[in-house]
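*Asks:* The structure under discussion is supplied below as structure tokens; questions concerning it will follow.
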Amino acid sequence: MKRQPIYGMLAEFDSAEHLMEACHATNKAGYKKIDAYSPFPIEGLAEAIGFHKNRVPLVVLLGGLFGGIGGYTMQYWMSAVDYPLNIGGRPLNSWPSFIVITFEMTILFAGLSAALGMLALNGLPMPYHPVFNVPRFALATKDRFFLIIFSSDPKYDKAGTRAFLTGLGPRSLTEVPS
Amino acid sequence: MADGSQYTVKTPPVIEPGHTFGTIGEKISAIVLTKPLSLGWIAGTLLMFGVLQMMLFAIGYLFVKGTGIWGVTIPIGWGFAIVNFVWWIGIGHAGTLISAILCLLRQSWRNSINRFAEAMTLFAVSCAGIFPLIHTGRPWLAYWLFPLPTTMGVWPQFRSPLLWDVFAVSTYGTISLVFWFVGLIPDLATLRDRAENPLARGIYGMLAMGWRGSARHWHRYETAYLLLAGLATPLVLSVHTVVSFDFAVGLVPGWHTTIFPPYFVAGAIYSGFAMVLMLAIPIRAIYGLEDFITDRHLQNSAKVMLATGLIVAYGYFIEAFMGWYGGDRYDAFTLWNRLHGPYKVSYWMLLLCNIVIPQVLWIRKLRTSPVWLFLISGVVLVGMWLERFIIVVVSLHRDFLTSSWGMYYPTKWDWMTYIGTLGQFLFLMFLFLRVLPAISIFEMRTLLPEAKAE
């Protein structure tokens with residue numbers, strides 16, 4: 001995809017309530033490629049910007065399955081196949097003693113997948129991002145709330161989008177260079 | 001109960017009124033970013049650093065001379081190392097309980113204490129991990145515990161509880177670290193945007209990994225955080241269960257009981273909350289965080305301590321009851337030996353510290369007084385240490401054969417190592433307080449009513 005000189009139009013709001021209303025209005029106006037920034041998670045904001053596809057649970061499930069199956073298989077292979085020890089004819093696949101490590105490996109891999117999967121799906125670490133070019137964006141981790149309409153949105157046009165966002169009553173409005 | 005009838009007592013708030021999103025971030029990050037270094041902090045850090053050096057010296061000497069410098073003998077082969085290992089691991093449990101279990105139970109009051117409680121977990125696990133490692137006698141071969149392919153062609157013994165413990169503790173340490181770091185990412189971004197010093201900004205910026213608070217990111221973040229909490233919950237319950245298997249699977253009288261797993265877990269949470277209180281009370285006084293760590297937090301922690309303390313008391317009772325009722329002469333002797341043997345003082349002290357004294361927490365006035373809570377928590381920590389001493393040493397020193405009875409006397413090296421880990425723990429805690437936000441900024445913000453939007 002060709003990089004556009006302008007990344008989007010960023011509007012700043014004072015409250016979570018205001019941001020939520022603005023997101024709903026933007027969605028209604030037909031803008032699809034939008035994002036919102038807030039200093040803390042706001043319930044329902046992801047839905048308001050039209051984000052529904054959350055693959056984190058799937059990643060965690062796969063990680064957990066891998067850890068559990070892998071953990072058991074490892075113990076089985078090492079104790080019953082690669083180096084079997086016959087101790088008084090006791091079964092080599094002594095599954096009750098393998099449960100604890102199987103459980104621990106399940107948790108370990110599921111937990112690591114949760115953290116790393118979340119970061120990977122979020123595209124982090126990302127040292128450079130265009131929104132950081134806006135000096136006021138530093139307030140996004142303090143007490144301000146931001147809405148952006150990306151320039152890749154088919155409905156995006158400089159004058160029209162600016163007029164639309166001004167109508168939402170933001171505290172400031174900036175065009176973000178990429 | 002200052003204003004009359006107990007029916008009108010108001011629960012103290014989780015966060016004092018008058019705060020905004022900005023002031024929360026300001027107040028918490030100021031401790032890290034703008035507050036000048038106080039003389040007390042410097043002195044405390046240096047002192048604890050010195051105590052840590054004492055431990056390193058003791059361990060260095062141990063590596064030169066071997067475990068003979070310790071008090072461990074046959075029949076008491078486990079000694080201080082295992083006592084301290086179990087004690088430290090137990091302390092860590094409160095951090096995970098606060099961050100994971102209380103998160104799942106939607107106890108939002110936890111938001112102001114989970115960060116430093118998790119840090120406490122990490123530091124406690126780092127102290128705990130030292131002991132079994134040096135107790136192996138040849139720590140440079142510790143990698144044998146992991147299933148690594150070696151030229152010897154053998155694998156670890158997966159049927160041994162000691163190996164289960166290796167997996168349980170290392171998984172616990174890893175997941176605690178991950179959980180803690182994931183929780184820190186948004187706050188690191190806050191620090192990045194607030195820091196004036198370019199070096200600090202650079203370091204926090206790198207650690208924050210470009211977090212910008214996008215709604216998409218928050219959505220995935222919250223899912224991942226909730227799932228981590230859900231995974232950490234069974235994990236934390238499993239860790240001390242597995243630690244108790246180290247004992248319960250053995251045949252030694254005093255160890256071979258089914259009550260061990262639940263009573264170990266309860267004891268772990270008991271001592272962990274005691275440590276949380278011992279840290280929270282001075283921290284909130286010194287850094288003026290009474291707005292965030294309110295009397296409600298102290299009271300709730302005291303209640304958890306009281307409840308888990310009663311479970312522990314039940315455990316002691318059942319152990320004693322089974323010793324008498326079970327009809328096994330060795331179990332009965334273990335009970336007699338605890339009450340009347342050469343280590344009887346530690347057993348009576350244990351009952352006093354863990355069962356009798358904490359009952360004063362039923363009194364509301366003491367439960368809400370920071371000074372009293374601090375003292376009682378100290379008593380509980382001593383009591384829980386004695387519990388492990390009794391389980392390890394008193395059970396081992398007189399088992400089946402009178403000809404192989406013995407006594408255990410810790411040496412100065414044992415004490416230096418143990419006190420040294422206290423230094424390590426507090427040294428790390430001192431550093432943590434001034435380097436990372438001790439209270440979760442973004443989670444505190446969600447407690448404000450303005451954080452909800454329709």
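Chain labels A, B, ... are given in the sequence in which chains occur in the structure tokens; within each chain residues are numbered consecutively from 1, and ligands are likewise numbered from 1 in the order shown.
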Counting only C-alpha atoms, which residues of region 330-358 of chain B fall within 12 Å of region 258-274 of chain B, and what is the closest atom pair for each with its distance in Å at one decimal, ordered by chain and rising number, as JSON lines?
*Replies:*
{"residue": "B:Cys353", "atom": "CA", "partner": "B:Ser271", "partner_atom": "CA", "distance": 11.5}
{"residue": "B:Asn354", "atom": "CA", "partner": "B:Tyr270", "partner_atom": "CA", "distance": 9.2}
{"residue": "B:Ile355", "atom": "CA", "partner": "B:Tyr270", "partner_atom": "CA", "distance": 11.3}
{"residue": "B:Pro358", "atom": "CA", "partner": "B:Ala274", "partner_atom": "CA", "distance": 10.6}
*Asks:* Can I get the residues of chain B within 7 Å of chain A, each with the closest pair of atoms and their distance in Å to one decimal, using only C-alpha atoms, sorted chain first then ascending number, as a tab-separated table?
*Replies:*
residue	atom	partner	partner_atom	distance
B:Phe21	CA	A:Asp143	CA	5.3
B:Gly22	CA	A:Asp143	CA	5.3
B:Gly25	CA	A:Lys142	CA	6.6
B:Val154	CA	A:Tyr83	CA	6.6
B:Trp155	CA	A:Met78	CA	6.4
B:Phe158	CA	A:Phe98	CA	6.6
B:Arg159	CA	A:Ser97	CA	5.1
B:Trp164	CA	A:Ile101	CA	5.9
B:Phe167	CA	A:Ile101	CA	6.4
B:Ala168	CA	A:Glu104	CA	6.0
B:Thr171	CA	A:Leu108	CA	5.7
B:Ile175	CA	A:Gly111	CA	6.4
B:Val178	CA	A:Ala115	CA	6.9
B:Val182	CA	A:Ala115	CA	6.7
B:Ala189	CA	A:Thr141	CA	6.7
B:Thr190	CA	A:Thr141	CA	5.0
B:Asp193	CA	A:Ala138	CA	5.3
B:Met209	CA	A:Pro125	CA	4.3
B:Gly210	CA	A:Met126	CA	5.0
B:Arg212	CA	A:Tyr37	CA	6.9
B:Gly213	CA	A:Tyr37	CA	4.9
B:Ser214	CA	A:Tyr37	CA	4.4
B:Ala215	CA	A:Ala36	CA	5.3
B:Arg216	CA	A:Ala46	CA	5.8
B:His217	CA	A:Asn122	CA	5.6
B:Trp218	CA	A:Pro41	CA	5.6
B:His219	CA	A:Ala46	CA	6.2
B:Arg220	CA	A:Met118	CA	6.0
B:Tyr221	CA	A:Met118	CA	6.2
B:Thr223	CA	A:Val56	CA	6.8
B:Ala224	CA	A:Ala114	CA	5.2
B:Leu228	CA	A:Gly111	CA	5.8
B:Leu231	CA	A:Ile107	CA	6.1
B:Phe442	CA	A:Phe40	CA	5.2
B:Arg445	CA	A:Phe40	CA	6.8
B:Thr446	CA	A:Phe40	CA	6.6
B:Ala451	CA	A:Ala16	CA	6.3
B:Lys452	CA	A:Ile42	CA	6.6
B:Ala453	CA	A:Glu17	CA	4.6
B:Glu454	CA	A:Glu17	CA	6.7
*Asks:* Between CA of Lys65 (chain B) and CA of Val394 (chain B), what is the distance, to one decimal in Å?
*Replies:*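 Going from CA of Lys65 (chain B) over to CA of Val394 (chain B), I get 26.6 Å.
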*Asks:* Could you pull out the residues in region 22-130 of chain A that DSSP calls alpha helix (DSSP H) from the backbone, as a VMD selection string?
*Replies:* chain A and resid 22 to 28 45 to 48 56 to 76 95 to 121
*Asks:* What separation in Å, quoted to one decimal, exists between CA of Gln53 (chain B) and CA of Lys412 (chain B)?
*Replies:*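 Distance between the two atoms: 15.0 Å.
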*Asks:* What is the CA of Ile203 (chain B) to CA of Ala438 (chain B) distance in Å?
*Replies:*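 Rounded to one decimal, the two atoms are 17.3 Å apart.
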*Asks:* Please list as a ChimeraX atom specification every residue within 8 Å of region 103-117 of chain B, counting only C-alpha atoms and excluding residues in the same chain fewer than 4 positions away.
*Replies:* /B:14,94-96,98-99,121,180,183,226,229-230,276,280,292-293,297,437-440,443-444,447
*Asks:* So, counting only C-alpha atoms, which residue among A:Ser152, A:Asn93, A:Asn27, A:Ser178 is closest to Pro5 (chain A)?
*Replies:*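 Residue with the minimum atom-to-atom distance to Pro5 (chain A): A:Ser178.
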*Asks:* Within 8 Å of region 364-375 of chain B, counting only C-alpha atoms, which residues qualify if same-chain residues fewer than 4 places away don't, as an mmCIF file with N, CA and C atoms, in the first residue's frame?
*Replies:*
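Below you can see part34.cif, which holds the result:
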data_model
loop_
_atom_site.group_PDB
_atom_site.id
_atom_site.type_symbol
_atom_site.label_atom_id
_atom_site.label_comp_id
_atom_site.auth_asym_id
_atom_site.auth_seq_id
_atom_site.Cartn_x
_atom_site.Cartn_y
_atom_site.Cartn_z
ATOM 1 N N LEU B 277 0.374 -6.028 54.021
ATOM 2 C CA LEU B 277 0.069 -4.983 54.999
ATOM 3 C C LEU B 277 1.346 -4.347 55.532
ATOM 4 N N MET B 278 2.354 -5.180 55.777
ATOM 5 C CA MET B 278 3.601 -4.623 56.316
ATOM 6 C C MET B 278 4.261 -3.680 55.319
ATOM 7 N N ILE B 281 1.361 -0.321 54.636
ATOM 8 C CA ILE B 281 1.149 0.666 55.698
ATOM 9 C C ILE B 281 2.257 1.727 55.704
ATOM 10 N N ASP B 295 -8.398 3.145 54.224
ATOM 11 C CA ASP B 295 -8.625 2.231 55.345
ATOM 12 C C ASP B 295 -9.408 1.004 54.901
ATOM 13 N N LEU B 298 -6.957 -1.685 54.001
ATOM 14 C CA LEU B 298 -6.334 -2.300 55.164
ATOM 15 C C LEU B 298 -7.324 -3.241 55.833
ATOM 16 N N GLN B 299 -8.561 -2.769 55.965
ATOM 17 C CA GLN B 299 -9.581 -3.598 56.611
ATOM 18 C C GLN B 299 -9.836 -4.880 55.844
ATOM 19 N N ALA B 302 -7.086 -7.236 56.271
ATOM 20 C CA ALA B 302 -7.140 -7.820 57.605
ATOM 21 C C ALA B 302 -8.193 -8.922 57.664
ATOM 22 N N VAL B 360 -7.361 -11.003 67.578
ATOM 23 C CA VAL B 360 -7.732 -9.632 67.942
ATOM 24 C C VAL B 360 -8.247 -8.867 66.720
ATOM 25 N N VAL B 379 3.692 -10.383 63.489
ATOM 26 C CA VAL B 379 3.535 -11.591 64.298
ATOM 27 C C VAL B 379 3.164 -12.774 63.399
#
*Asks:* Just asking: which residues within region 49-149 of chain A are strand (DSSP E) according to DSSP, as a list in words?
*Replies:*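 After running DSSP on the backbone, region 49-149 of chain A has strand (DSSP E) at Phe145, Phe146, Leu147, Ile148 and Ile149 of chain A.
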*Asks:* Got time to write the residues from that selection, C-alpha atoms, as a PDB file, in the first residue's frame?
*Replies:*
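Full text of result_5.pdb as output:
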ATOM      1  CA  PHE A 145      -9.670  11.366  24.579  1.00  0.00           C
ATOM      2  CA  PHE A 146      -8.925  11.283  20.875  1.00  0.00           C
ATOM      3  CA  LEU A 147     -10.757  10.217  17.754  1.00  0.00           C
ATOM      4  CA  ILE A 148      -9.028   9.786  14.419  1.00  0.00           C
ATOM      5  CA  ILE A 149     -10.426   9.342  10.948  1.00  0.00           C
TER       6      ILE A 149
END
*Asks:* Contacts of Leu433 (chain B) at 10 Å or less, counting only C-alpha atoms, minus same-chain residues fewer than 3 places along, as a ChimeraX atom specification?
*Replies:* /B:31-32,41,116,119,283,287,428-430,436-439
*Asks:* Neighbours of Ala163 (chain A) within 12 Å (only C-alpha atoms; same-chain residues fewer than 5 positions away dropped), as a list in words?
*Replies:*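 Skipping anything fewer than 5 positions along the chain leaves Met9, Ala11, Tyr156, Asp157, Lys158, Leu168, Gly169, Pro170 and Leu173 of chain A.
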*Asks:* For Ala159 (chain A), work out the shell of residues within 12 Å, counting only C-alpha atoms and skipping chain neighbours fewer than 6 positions away, then give it as a PyMOL selection string.
*Replies:* chain A and resi 9+151+165-166+175
*Asks:* Using N, CA and C atoms, can you write the selected residues to a file as an mmCIF file, in the first residue's frame?
*Replies:*
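What landed in selection_35.cif:
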data_model
loop_
_atom_site.group_PDB
_atom_site.id
_atom_site.type_symbol
_atom_site.label_atom_id
_atom_site.label_comp_id
_atom_site.auth_asym_id
_atom_site.auth_seq_id
_atom_site.Cartn_x
_atom_site.Cartn_y
_atom_site.Cartn_z
ATOM 1 N N MET A 9 -7.176 12.605 10.470
ATOM 2 C CA MET A 9 -7.583 13.824 11.164
ATOM 3 C C MET A 9 -7.905 13.444 12.604
ATOM 4 N N SER A 151 -6.895 8.714 6.776
ATOM 5 C CA SER A 151 -7.003 9.253 5.411
ATOM 6 C C SER A 151 -7.260 8.129 4.415
ATOM 7 N N LEU A 165 -15.828 16.820 11.676
ATOM 8 C CA LEU A 165 -15.301 16.680 13.037
ATOM 9 C C LEU A 165 -15.515 17.957 13.848
ATOM 10 N N THR A 166 -15.393 19.122 13.197
ATOM 11 C CA THR A 166 -15.653 20.375 13.913
ATOM 12 C C THR A 166 -17.076 20.377 14.455
ATOM 13 N N GLU A 175 -4.521 17.839 11.730
ATOM 14 C CA GLU A 175 -4.264 16.902 10.649
ATOM 15 C C GLU A 175 -2.937 16.215 10.950
#
